[in-house]
Amino acid sequence: MHEYAITESILEIIQTEATRAGAIHVDEVTVVIGELTSFVDDSIRFYFDELAQGTVAEGASLKFQKLEARATCNSCGADFRPRNAFFSCPECRSAVFELRQGQELFIESIDVSQAEPTDIREN
Ligand SMILES: [Zn+2]
């Protein structure tokens with residue numbers, strides 16, 4: 001159920017950015033999800049379609065990009081892709097490593113439609 005809360009936050013950011021950009025409609029939003037998070041993109045999409053109703057983002061298409069996990073071993077310095085937080089280094093088997101990427105969730109881009117520029121010149 002934590003997708004509901006994160007979707008509310010995503011929508012809040014979208015609305016703020018859309019207002020700042022003077023958008024009349026949000027067309028497409030790209031969200032990046034680290035592969036070690038437990039967020040389910042289908043659930044986020046489901047809540048988004050529901051929560052966005054009546055907002056500037058209603059009907060916007062939501063795209064997801066998975067971000068591969070990357071870690072550096074603290075013992076031998078190897079760079080590897082951990083499959084979970086309890087993984088060990090494939091080179092030296094050390095379980096102590098620094099996770100550099102894979103736990104994030106952020107908005108990569110927001111595409112909007114803007115109002116036609118109004119011609120305010122006096123005749
Ligand atoms: Zn190592």
# chains A, B, ... in the order shown; residues from 1 in each chain; ligands from 1
call {"tool": "residues_around", "arguments": {"residues": "range 24-27 of chain A", "least_positions_apart": "4", "cutoff": "9 Å", "atoms": "only C-alpha atoms", "output": "list in words"}}
result
Ile14, Gln15, Ala18, Thr19, Thr55, Val56, Ala57, Glu58, Gly59, Ala60, Ser61, Leu62, Ile110, Asp111, Val112, Ser113, Gln114 and Ala115 of chain A
call {"tool": "residues_near_ligand", "arguments": {"ligand": "ligand 1", "cutoff": "9 Å", "atoms": "only C-alpha atoms and all ligand atoms", "output": "ChimeraX atom specification"}}
result
/A:72-80,88-97
call {"tool": "atom_distance", "arguments": {"atom1": "CA of Gln65 in chain A", "atom2": "CA of Thr16 in chain A"}}
result
22.0 Å
call {"tool": "closest_residue", "arguments": {"among": "A:Glu12, A:Glu3, A:Glu98, A:Glu35", "to": "Ala52 in chain A", "atoms": "only C-alpha atoms"}}
result
A:Glu12
call {"tool": "closest_atom_pairs", "arguments": {"of": "range 79-109 of chain A", "to": "range 39-50 of chain A", "cutoff": "12 Å", "atoms": "only C-alpha atoms", "output": "JSON lines"}}
result
{"residue": "A:Gly102", "atom": "CA", "partner": "A:Phe39", "partner_atom": "CA", "distance": 11.8}
{"residue": "A:Gln103", "atom": "CA", "partner": "A:Phe39", "partner_atom": "CA", "distance": 10.0}
{"residue": "A:Glu104", "atom": "CA", "partner": "A:Phe39", "partner_atom": "CA", "distance": 10.1}
{"residue": "A:Leu105", "atom": "CA", "partner": "A:Phe39", "partner_atom": "CA", "distance": 8.6}
{"residue": "A:Phe106", "atom": "CA", "partner": "A:Phe39", "partner_atom": "CA", "distance": 11.8}
call {"tool": "closest_residue", "arguments": {"among": "A:Ile107, A:Leu67, A:Leu36, A:Val31", "to": "Pro82 in chain A", "atoms": "only C-alpha atoms"}}
result
A:Leu36
call {"tool": "select_by_dssp", "arguments": {"residues": "chain A", "states": "strand (DSSP E or B)", "output": "PyMOL selection string"}}
result
chain A and resi 23-34+61-67+70-73+79-80+97-101+105-114
call {"tool": "atom_distance", "arguments": {"atom1": "CA of Asn84 in chain A", "atom2": "CA of Ala69 in chain A"}}
result
8.7 Å
call {"tool": "select_by_dssp", "arguments": {"residues": "range 3-118 of chain A", "states": "helix (DSSP H, G or I)", "output": "compact mmCIF listing (two decimals) with N, CA and C atoms, in the first residue's frame"}}
result
# COMPACT_ATOMS: atom_id res chain seq x y z
N GLU A 3 2.63 2.42 -2.20
CA GLU A 3 2.58 3.09 -3.50
C GLU A 3 1.60 4.26 -3.47
N TYR A 4 0.56 4.15 -2.64
CA TYR A 4 -0.43 5.23 -2.58
C TYR A 4 0.23 6.52 -2.11
N ALA A 5 1.00 6.45 -1.03
CA ALA A 5 1.67 7.63 -0.48
C ALA A 5 2.68 8.21 -1.46
N ILE A 6 3.45 7.34 -2.10
CA ILE A 6 4.47 7.84 -3.03
C ILE A 6 3.79 8.47 -4.25
N THR A 7 2.65 7.91 -4.66
CA THR A 7 1.95 8.46 -5.81
C THR A 7 1.39 9.84 -5.48
N GLU A 8 0.92 10.01 -4.24
CA GLU A 8 0.45 11.33 -3.80
C GLU A 8 1.58 12.35 -3.89
N SER A 9 2.77 11.95 -3.45
CA SER A 9 3.93 12.85 -3.51
C SER A 9 4.30 13.18 -4.94
N ILE A 10 4.28 12.16 -5.80
CA ILE A 10 4.62 12.36 -7.21
C ILE A 10 3.65 13.37 -7.82
N LEU A 11 2.36 13.18 -7.55
CA LEU A 11 1.35 14.07 -8.12
C LEU A 11 1.50 15.50 -7.61
N GLU A 12 1.87 15.62 -6.34
CA GLU A 12 2.08 16.93 -5.74
C GLU A 12 3.21 17.68 -6.47
N ILE A 13 4.31 16.96 -6.71
CA ILE A 13 5.46 17.56 -7.40
C ILE A 13 5.05 17.96 -8.83
N ILE A 14 4.32 17.07 -9.50
CA ILE A 14 3.88 17.34 -10.87
C ILE A 14 3.03 18.62 -10.92
N GLN A 15 2.11 18.73 -9.97
CA GLN A 15 1.23 19.90 -9.96
C GLN A 15 2.00 21.19 -9.71
N THR A 16 2.98 21.12 -8.80
CA THR A 16 3.80 22.29 -8.51
C THR A 16 4.58 22.71 -9.75
N GLU A 17 5.21 21.71 -10.40
CA GLU A 17 6.01 22.00 -11.59
C GLU A 17 5.13 22.50 -12.75
N ALA A 18 3.95 21.92 -12.89
CA ALA A 18 3.05 22.31 -13.97
C ALA A 18 2.60 23.76 -13.79
N THR A 19 2.32 24.13 -12.54
CA THR A 19 1.90 25.50 -12.25
C THR A 19 3.04 26.46 -12.57
N ARG A 20 4.25 26.08 -12.15
CA ARG A 20 5.43 26.91 -12.38
C ARG A 20 5.66 27.12 -13.88
N ASP A 41 5.43 -0.63 -10.27
CA ASP A 41 5.01 0.45 -11.18
C ASP A 41 3.52 0.37 -11.55
N ASP A 42 2.99 -0.82 -11.68
CA ASP A 42 1.57 -0.95 -12.02
C ASP A 42 0.67 -0.36 -10.93
N SER A 43 1.09 -0.51 -9.67
CA SER A 43 0.30 0.06 -8.57
C SER A 43 0.37 1.58 -8.60
N ILE A 44 1.56 2.11 -8.87
CA ILE A 44 1.71 3.57 -8.95
C ILE A 44 0.83 4.10 -10.08
N ARG A 45 0.85 3.39 -11.22
CA ARG A 45 0.03 3.83 -12.35
C ARG A 45 -1.46 3.82 -11.99
N PHE A 46 -1.86 2.77 -11.30
CA PHE A 46 -3.26 2.62 -10.89
C PHE A 46 -3.69 3.79 -10.00
N TYR A 47 -2.89 4.09 -8.96
CA TYR A 47 -3.23 5.19 -8.05
C TYR A 47 -3.15 6.54 -8.76
N PHE A 48 -2.18 6.64 -9.66
CA PHE A 48 -2.00 7.90 -10.37
C PHE A 48 -3.25 8.23 -11.19
N ASP A 49 -3.75 7.24 -11.94
CA ASP A 49 -4.93 7.47 -12.77
C ASP A 49 -6.12 7.92 -11.92
N GLU A 50 -6.18 7.37 -10.71
CA GLU A 50 -7.27 7.70 -9.81
C GLU A 50 -7.09 9.09 -9.20
N LEU A 51 -5.89 9.34 -8.64
CA LEU A 51 -5.62 10.60 -7.95
C LEU A 51 -5.55 11.81 -8.89
call {"tool": "atom_distance", "arguments": {"atom1": "CA of Ser109 in chain A", "atom2": "CA of Ile33 in chain A"}}
result
13.0 Å
call {"tool": "closest_residue", "arguments": {"among": "A:Lys66, A:Gly22, A:Ser38, A:Gly54", "to": "Glu108 in chain A", "atoms": "only C-alpha atoms"}}
result
A:Lys66
